[in-house]
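These notes are about the structure you will find just below.
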Amino acid sequence: MNYIFALTLGIGFAAGLRSLTPAAVVAWAAHLGWLNLSNSPLAFMGSIIAVIIFSVLALFELFVDLQPSTPKRTAPVPLVARIITGGLCGACLCAAANQSLIFGAVLGAVGGVIGAFVGYEIRRKLVAALSVKDLAIALLEDLVTIGLACFLVSR
């Protein structure tokens, strides 16, 4: 049971890195039957509509993140988005494990805050330490987020 809470915090952390990628991965996992959300209030996450919407939004976010005008993930609006999607993803993982949706949402939201601040600092420090363009680290972060989210929903 404790591993579910670790996975929930982890999916929230991933949402802190990219707010919509974990939601897209959770939607795909529910749609493919990796996460059983059928008897929960979050069953909509497995619908084809949710898969399409979250996938398109995640792809759009990956593109927008590369733009210089994009605000920091720790700014109020992007941070709130990470809290919300982290909470949604955390609740989905707990629902699939027949655990408390509220507890999952809280853990996922906390993970979203942690992921946003830790991810921002790591990215900033890697760009400076490696003397590379932000784009290189951003693309690496995209891959880490996708891989982490896929790993967490497959458990």
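Naming scheme: A, B, ... for chains in displayed order of the structure tokens; residues 1 onward per chain; ligands 1 onward as shown.
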
All residues 10 Å or closer to Met45 in chain A, only C-alpha atoms, same chain fewer than 4 positions away omitted, as an MDAnalysis selection string: chainID A and resid 23:24 26:31 35 37:38 41 49:51 54 88:89 92

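Between CA of Cys94 in chain A and CA of Val118 in chain A the separation is 23.8 Å.
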
To test your reading of the structure, identify every residue in range 21-149 of chain A that backbone DSSP assigns to alpha helix (DSSP H), and report it as JSON, numbers by chain. {"A": [21, 22, 23, 24, 25, 26, 27, 28, 29, 30, 31, 32, 48, 49, 50, 51, 52, 53, 54, 55, 56, 57, 58, 59, 60, 61, 62, 63, 64, 76, 77, 78, 79, 80, 81, 82, 83, 84, 85, 86, 87, 88, 89, 90, 91, 92, 93, 94, 95, 96, 101, 102, 103, 104, 105, 106, 107, 108, 109, 110, 111, 112, 113, 114, 115, 116, 117, 118, 119, 120, 121, 122, 123, 124, 125, 126, 127, 128, 129, 130, 134, 135, 136, 137, 138, 139, 140, 141, 142, 143, 144, 145, 146, 147, 148, 149]}

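One distance worth recording is that between CA of Gly112 in chain A and CA of Ala14 in chain A, which is 7.0 Å.
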
Do you know which residues are at most 9 Å from range 148-155 of chain A counting only C-alpha atoms, after dropping those on the same chain fewer than 4 positions away, and could you put them as a ChimeraX atom specification? /A:4,7-8,10-11,14-15,21-23,25-26,29,34-35,93,143-144

Please provide as a PyMOL selection string all residues within 12 Å of Leu62 in chain A, with the sequence filter that same-chain residues fewer than 2 positions apart are discarded (counting only C-alpha atoms). chain A and resi 17-21+55-60+64-67+70+135+138-143+145-146

Go ahead and save the residues from that selection, with N, CA, C and O atoms, as an mmCIF file, in the first residue's frame.
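Saved the output as result.cif:
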data_model
loop_
_atom_site.group_PDB
_atom_site.id
_atom_site.type_symbol
_atom_site.label_atom_id
_atom_site.label_comp_id
_atom_site.auth_asym_id
_atom_site.auth_seq_id
_atom_site.Cartn_x
_atom_site.Cartn_y
_atom_site.Cartn_z
ATOM 1 N N LEU A 17 7.166 18.847 -13.457
ATOM 2 C CA LEU A 17 8.107 19.056 -14.558
ATOM 3 C C LEU A 17 7.381 19.517 -15.815
ATOM 4 O O LEU A 17 7.797 20.463 -16.481
ATOM 5 N N ARG A 18 6.339 18.809 -16.181
ATOM 6 C CA ARG A 18 5.485 19.139 -17.333
ATOM 7 C C ARG A 18 4.053 18.902 -16.894
ATOM 8 O O ARG A 18 3.673 17.773 -16.607
ATOM 9 N N SER A 19 3.262 19.936 -16.855
ATOM 10 C CA SER A 19 1.938 19.821 -16.252
ATOM 11 C C SER A 19 1.004 18.859 -16.985
ATOM 12 O O SER A 19 0.201 18.183 -16.348
ATOM 13 N N LEU A 20 1.102 18.770 -18.281
ATOM 14 C CA LEU A 20 0.115 17.990 -19.026
ATOM 15 C C LEU A 20 0.600 16.632 -19.510
ATOM 16 O O LEU A 20 -0.205 15.765 -19.835
ATOM 17 N N THR A 21 1.887 16.416 -19.559
ATOM 18 C CA THR A 21 2.403 15.121 -20.016
ATOM 19 C C THR A 21 1.954 13.972 -19.114
ATOM 20 O O THR A 21 1.454 12.964 -19.627
ATOM 21 N N SER A 55 -3.529 14.504 -24.814
ATOM 22 C CA SER A 55 -2.384 14.294 -25.704
ATOM 23 C C SER A 55 -2.073 15.547 -26.512
ATOM 24 O O SER A 55 -0.905 15.946 -26.629
ATOM 25 N N VAL A 56 -3.100 16.174 -27.059
ATOM 26 C CA VAL A 56 -2.897 17.405 -27.835
ATOM 27 C C VAL A 56 -2.357 18.515 -26.942
ATOM 28 O O VAL A 56 -1.410 19.224 -27.311
ATOM 29 N N LEU A 57 -2.938 18.648 -25.748
ATOM 30 C CA LEU A 57 -2.456 19.676 -24.820
ATOM 31 C C LEU A 57 -1.012 19.412 -24.384
ATOM 32 O O LEU A 57 -0.222 20.348 -24.257
ATOM 33 N N ALA A 58 -0.665 18.153 -24.172
ATOM 34 C CA ALA A 58 0.709 17.815 -23.775
ATOM 35 C C ALA A 58 1.693 18.150 -24.895
ATOM 36 O O ALA A 58 2.770 18.708 -24.636
ATOM 37 N N LEU A 59 1.342 17.824 -26.119
ATOM 38 C CA LEU A 59 2.209 18.168 -27.251
ATOM 39 C C LEU A 59 2.355 19.678 -27.396
ATOM 40 O O LEU A 59 3.452 20.190 -27.643
ATOM 41 N N PHE A 60 1.251 20.380 -27.209
ATOM 42 C CA PHE A 60 1.286 21.849 -27.271
ATOM 43 C C PHE A 60 2.189 22.399 -26.170
ATOM 44 O O PHE A 60 2.986 23.312 -26.410
ATOM 45 N N VAL A 64 5.372 24.855 -26.440
ATOM 46 C CA VAL A 64 5.343 26.167 -25.777
ATOM 47 C C VAL A 64 6.512 26.314 -24.812
ATOM 48 O O VAL A 64 7.074 27.404 -24.671
ATOM 49 N N ASP A 65 6.907 25.229 -24.169
ATOM 50 C CA ASP A 65 8.011 25.291 -23.213
ATOM 51 C C ASP A 65 9.303 25.759 -23.871
ATOM 52 O O ASP A 65 10.160 26.337 -23.211
ATOM 53 N N LEU A 66 9.438 25.541 -25.141
ATOM 54 C CA LEU A 66 10.660 25.912 -25.852
ATOM 55 C C LEU A 66 10.696 27.387 -26.250
ATOM 56 O O LEU A 66 11.727 27.875 -26.713
ATOM 57 N N GLN A 67 9.581 28.073 -26.069
ATOM 58 C CA GLN A 67 9.504 29.478 -26.459
ATOM 59 C C GLN A 67 10.091 30.367 -25.360
ATOM 60 O O GLN A 67 9.843 30.139 -24.170
ATOM 61 N N THR A 70 7.746 31.966 -22.580
ATOM 62 C CA THR A 70 7.022 31.123 -21.639
ATOM 63 C C THR A 70 7.410 31.484 -20.210
ATOM 64 O O THR A 70 8.593 31.564 -19.888
ATOM 65 N N LEU A 135 17.478 24.783 -24.534
ATOM 66 C CA LEU A 135 16.754 23.823 -25.369
ATOM 67 C C LEU A 135 17.227 22.393 -25.129
ATOM 68 O O LEU A 135 16.412 21.468 -25.028
ATOM 69 N N ALA A 138 15.890 21.283 -21.847
ATOM 70 C CA ALA A 138 14.426 21.187 -21.938
ATOM 71 C C ALA A 138 14.003 19.890 -22.617
ATOM 72 O O ALA A 138 13.085 19.207 -22.162
ATOM 73 N N LEU A 139 14.680 19.536 -23.694
ATOM 74 C CA LEU A 139 14.357 18.286 -24.394
ATOM 75 C C LEU A 139 14.672 17.070 -23.528
ATOM 76 O O LEU A 139 13.910 16.098 -23.507
ATOM 77 N N LEU A 140 15.773 17.133 -22.801
ATOM 78 C CA LEU A 140 16.109 16.058 -21.870
ATOM 79 C C LEU A 140 15.048 15.944 -20.783
ATOM 80 O O LEU A 140 14.617 14.848 -20.424
ATOM 81 N N GLU A 141 14.602 17.078 -20.300
ATOM 82 C CA GLU A 141 13.553 17.091 -19.269
ATOM 83 C C GLU A 141 12.244 16.507 -19.808
ATOM 84 O O GLU A 141 11.532 15.801 -19.094
ATOM 85 N N ASP A 142 11.932 16.789 -21.064
ATOM 86 C CA ASP A 142 10.745 16.200 -21.693
ATOM 87 C C ASP A 142 10.833 14.674 -21.667
ATOM 88 O O ASP A 142 9.872 13.992 -21.295
ATOM 89 N N LEU A 143 11.982 14.150 -22.057
ATOM 90 C CA LEU A 143 12.174 12.697 -22.080
ATOM 91 C C LEU A 143 12.094 12.088 -20.674
ATOM 92 O O LEU A 143 11.498 11.024 -20.486
ATOM 93 N N THR A 145 10.430 13.303 -18.135
ATOM 94 C CA THR A 145 9.032 13.374 -17.699
ATOM 95 C C THR A 145 8.200 12.264 -18.323
ATOM 96 O O THR A 145 7.427 11.591 -17.632
ATOM 97 N N ILE A 146 8.350 12.059 -19.608
ATOM 98 C CA ILE A 146 7.600 10.998 -20.297
ATOM 99 C C ILE A 146 7.975 9.640 -19.727
ATOM 100 O O ILE A 146 7.103 8.823 -19.409
#

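Of the residues under consideration (A:Ser69, A:Asn2, A:Thr85, A:Ser40), A:Thr85 shows the shortest atom-to-atom contact distance to Gly108 in chain A when counting only C-alpha atoms.
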
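Using only C-alpha atoms, the shortest contact distance between Arg82 in chain A and any of A:Gly33, A:Arg124, A:Asn98, A:Val110 is found at A:Val110.
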
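Taking CA of Ser47 in chain A and CA of Gly90 in chain A as the two end points, the separation is 17.9 Å.
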